[in-house]
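Read the structure below first, then the notes.
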Amino acid sequence: MTTSASAPPEPEDAITGGGTVTDRLVEANERYAAAFSDPGMDARPVLQVAVVACMDARLDLHDALGLELGDCHTIRNAGGVVTDDVIRSLTISQRALGTRSVVLIHHTGCGLESLTEDFRHDLEMEVGQRPAWAVEAFRDVEQDVRQSMQRVRTSPFLVHTDDVRGFVFDVKTGLLREIDPT
C-alpha cells in the first residue's frame, strides 16, 4: 500500500497549491468531481454488512477486505469500540438499510492500548469540563474485540445479531486474525 506518508505522489495525482491540508483536500475533490459519474446506488450496502473498525490511518478497509464502493457500511472511531453511537449507527444500518452481518475490526499497535481513563481526567483538568464519553482504553486487544462482540450481540436495538464476528488486523502483515467470542 502506498500512502502520502510513505511515498511522494505521482505528478498527475499530486495535490498542488499551497494553503491548508483542507484546502488541498478540497482541490483534490474538485478533480475527483470533474470525472465523477453517479454510480446509481442507494444507501443500502450490496453485501448487507456493516464493518466497525478503528479510525487508525493505517487501515485501508476497502483494500484489506476486497470491498468496492457500495458493498458495506463503514463505521469508524478510536479503537473501533462499540459505543452507544456505534449501536445507533448499526441500528439504523440494520433496521432502515438492510444490513444483516456485523464485522468488528480492531488492530495491533492501537493507540488506545497506551491510554488510560486518566486521559479523560487530564482533559477535565485542562478544559474545566469532564467529557461525557469514556476513553474506552484497553490493554488486551483480543478481550476488547470480545467485549465489542458482546455489546453488539446483547443490544436490544439490533435485530440481526447471529452473524457478528470480530477480528484483529495486524498492521505489519495486513492479515486478519479471527477472535473466538468465548
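FYI, nothing fancy with the C-alpha cells labels: chains A, B, ... in order, residues from 1 per chain, ligands from 1 as they appear.
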| field | Expected answer as a ChimeraX atom specification: strand (DSSP E) residues in segment 4-176 of chain A | value | /A:49-54,72-77,101-107,164-169,176
| field | Surrounding residues of Arg151 of chain A excluding itself and chain neighbours under 3 positions, 9 Å, only C-alpha atoms, as a list in words | value | Val82, Thr83, Ile87, Arg146, Gln147, Ser148, Thr154 and Ser155 of chain A
Just the selected residues (all heavy atoms), exported as a compact mmCIF listing (two decimals), in the first residue's frame, please.
# COMPACT_ATOMS: atom_id res chain seq x y z
N VAL A 82 -17.35 -0.40 20.33
CA VAL A 82 -18.80 -0.39 20.19
C VAL A 82 -19.37 0.49 21.30
O VAL A 82 -19.55 0.06 22.43
CB VAL A 82 -19.39 -1.80 20.21
CG1 VAL A 82 -20.91 -1.75 20.15
CG2 VAL A 82 -18.84 -2.61 19.03
N THR A 83 -19.59 1.74 20.96
CA THR A 83 -20.14 2.74 21.87
C THR A 83 -21.64 2.88 21.60
O THR A 83 -22.17 2.27 20.66
CB THR A 83 -19.47 4.10 21.63
OG1 THR A 83 -19.75 4.48 20.26
CG2 THR A 83 -17.97 4.04 21.86
N ILE A 87 -23.80 1.70 18.25
CA ILE A 87 -25.07 0.98 18.29
C ILE A 87 -26.15 1.76 17.54
O ILE A 87 -26.95 1.18 16.79
CB ILE A 87 -25.50 0.70 19.76
CG1 ILE A 87 -24.53 -0.29 20.43
CG2 ILE A 87 -26.94 0.18 19.81
CD1 ILE A 87 -24.51 -1.70 19.86
N ARG A 146 -13.73 -9.15 22.01
CA ARG A 146 -14.79 -9.96 22.63
C ARG A 146 -15.85 -9.07 23.28
O ARG A 146 -17.04 -9.31 23.15
CB ARG A 146 -14.20 -10.91 23.66
CG ARG A 146 -13.47 -12.08 23.06
CD ARG A 146 -13.02 -13.08 24.14
NE ARG A 146 -12.06 -13.98 23.56
CZ ARG A 146 -10.73 -13.82 23.63
NH1 ARG A 146 -10.21 -12.82 24.31
NH2 ARG A 146 -9.93 -14.67 23.03
N GLN A 147 -15.40 -8.03 23.97
CA GLN A 147 -16.34 -7.11 24.60
C GLN A 147 -17.21 -6.42 23.55
O GLN A 147 -18.42 -6.27 23.73
CB GLN A 147 -15.60 -6.06 25.43
CG GLN A 147 -16.52 -5.02 26.04
CD GLN A 147 -15.77 -4.04 26.91
OE1 GLN A 147 -15.31 -4.40 27.98
NE2 GLN A 147 -15.64 -2.81 26.43
N SER A 148 -16.60 -6.01 22.46
CA SER A 148 -17.35 -5.36 21.39
C SER A 148 -18.38 -6.32 20.78
O SER A 148 -19.53 -5.92 20.52
CB SER A 148 -16.40 -4.84 20.30
OG SER A 148 -15.64 -3.76 20.80
N THR A 154 -25.81 -8.28 22.45
CA THR A 154 -26.79 -8.09 23.52
C THR A 154 -27.59 -6.80 23.40
O THR A 154 -28.45 -6.53 24.25
CB THR A 154 -26.11 -8.14 24.90
OG1 THR A 154 -25.14 -7.10 24.98
CG2 THR A 154 -25.48 -9.50 25.14
N SER A 155 -27.36 -6.01 22.37
CA SER A 155 -28.10 -4.77 22.22
C SER A 155 -29.57 -5.07 21.89
O SER A 155 -29.86 -5.80 20.94
CB SER A 155 -27.51 -3.90 21.11
OG SER A 155 -28.38 -2.80 20.88
| request: Name all residues at most 9 Å from Pro181 of chain A (count only C-alpha atoms; drop same-chain ones fewer than 4 positions away) and give them as a count of residues only. | output: 8
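Distance annotation: of A:Phe138, A:Leu104, A:Ala78, A:Leu112, the residue with the minimal separation from Leu176 of chain A is A:Leu104; atom set is only C-alpha atoms.
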Can you list, as a PDB file with C-alpha atoms, in the first residue's frame, all residues belonging to segment 21-165 of chain A that DSSP tags as alpha helix (DSSP H)?
ATOM      1  CA  VAL A  21      -4.384  20.485   4.219  1.00  0.00           C
ATOM      2  CA  THR A  22      -8.134  21.032   3.984  1.00  0.00           C
ATOM      3  CA  ASP A  23      -7.587  23.373   1.020  1.00  0.00           C
ATOM      4  CA  ARG A  24      -5.570  20.615  -0.655  1.00  0.00           C
ATOM      5  CA  LEU A  25      -8.312  18.063   0.026  1.00  0.00           C
ATOM      6  CA  VAL A  26     -10.959  20.366  -1.443  1.00  0.00           C
ATOM      7  CA  GLU A  27      -8.788  20.825  -4.536  1.00  0.00           C
ATOM      8  CA  ALA A  28      -8.444  17.044  -4.870  1.00  0.00           C
ATOM      9  CA  ASN A  29     -12.217  16.719  -4.559  1.00  0.00           C
ATOM     10  CA  GLU A  30     -12.720  19.171  -7.397  1.00  0.00           C
ATOM     11  CA  ARG A  31     -10.578  16.943  -9.646  1.00  0.00           C
ATOM     12  CA  TYR A  32     -12.478  13.866  -8.428  1.00  0.00           C
ATOM     13  CA  ALA A  33     -15.861  15.509  -9.072  1.00  0.00           C
ATOM     14  CA  ALA A  34     -14.817  16.547 -12.581  1.00  0.00           C
ATOM     15  CA  ALA A  35     -14.508  12.864 -13.543  1.00  0.00           C
ATOM     16  CA  LEU A  61     -10.526  -1.359   4.961  1.00  0.00           C
ATOM     17  CA  HIS A  62     -11.780  -1.495   1.404  1.00  0.00           C
ATOM     18  CA  ASP A  63      -8.488  -2.830   0.058  1.00  0.00           C
ATOM     19  CA  ALA A  64      -7.878  -5.128   3.042  1.00  0.00           C
ATOM     20  CA  LEU A  65     -11.318  -6.716   2.713  1.00  0.00           C
ATOM     21  CA  ASP A  84     -23.726   3.996  22.113  1.00  0.00           C
ATOM     22  CA  ASP A  85     -23.164   5.923  18.894  1.00  0.00           C
ATOM     23  CA  VAL A  86     -21.946   2.793  17.111  1.00  0.00           C
ATOM     24  CA  ILE A  87     -25.075   0.978  18.295  1.00  0.00           C
ATOM     25  CA  ARG A  88     -27.107   3.915  16.946  1.00  0.00           C
ATOM     26  CA  SER A  89     -25.413   3.613  13.549  1.00  0.00           C
ATOM     27  CA  LEU A  90     -25.756  -0.181  13.476  1.00  0.00           C
ATOM     28  CA  THR A  91     -29.426   0.076  14.411  1.00  0.00           C
ATOM     29  CA  ILE A  92     -30.086   2.442  11.509  1.00  0.00           C
ATOM     30  CA  SER A  93     -27.939   0.272   9.236  1.00  0.00           C
ATOM     31  CA  GLN A  94     -29.957  -2.840  10.093  1.00  0.00           C
ATOM     32  CA  ARG A  95     -33.480  -1.524  10.591  1.00  0.00           C
ATOM     33  CA  ALA A  96     -33.586   1.101   7.844  1.00  0.00           C
ATOM     34  CA  LEU A  97     -30.939  -0.022   5.352  1.00  0.00           C
ATOM     35  CA  ASP A 118      -6.568   9.302  33.189  1.00  0.00           C
ATOM     36  CA  PHE A 119      -6.670  10.883  29.722  1.00  0.00           C
ATOM     37  CA  ARG A 120     -10.253  11.916  30.478  1.00  0.00           C
ATOM     38  CA  HIS A 121      -9.296  13.254  33.912  1.00  0.00           C
ATOM     39  CA  ASP A 122      -6.386  15.235  32.453  1.00  0.00           C
ATOM     40  CA  LEU A 123      -8.689  16.671  29.813  1.00  0.00           C
ATOM     41  CA  GLU A 124     -11.133  17.743  32.509  1.00  0.00           C
ATOM     42  CA  MET A 125      -8.338  19.466  34.404  1.00  0.00           C
ATOM     43  CA  GLU A 126      -7.214  21.247  31.236  1.00  0.00           C
ATOM     44  CA  VAL A 127     -10.566  22.489  29.936  1.00  0.00           C
ATOM     45  CA  VAL A 141      -6.929  -6.214  22.067  1.00  0.00           C
ATOM     46  CA  GLU A 142      -8.477  -9.693  21.863  1.00  0.00           C
ATOM     47  CA  GLN A 143     -10.507  -9.145  25.019  1.00  0.00           C
ATOM     48  CA  ASP A 144     -11.646  -5.779  23.694  1.00  0.00           C
ATOM     49  CA  VAL A 145     -12.868  -7.446  20.485  1.00  0.00           C
ATOM     50  CA  ARG A 146     -14.785  -9.963  22.626  1.00  0.00           C
ATOM     51  CA  GLN A 147     -16.339  -7.110  24.601  1.00  0.00           C
ATOM     52  CA  SER A 148     -17.350  -5.361  21.386  1.00  0.00           C
ATOM     53  CA  MET A 149     -18.930  -8.559  20.030  1.00  0.00           C
ATOM     54  CA  GLN A 150     -20.847  -8.968  23.285  1.00  0.00           C
ATOM     55  CA  ARG A 151     -22.120  -5.378  23.156  1.00  0.00           C
ATOM     56  CA  VAL A 152     -23.463  -5.931  19.645  1.00  0.00           C
ATOM     57  CA  ARG A 153     -24.976  -9.327  20.427  1.00  0.00           C
ATOM     58  CA  THR A 154     -26.792  -8.093  23.518  1.00  0.00           C
TER      59      THR A 154
END
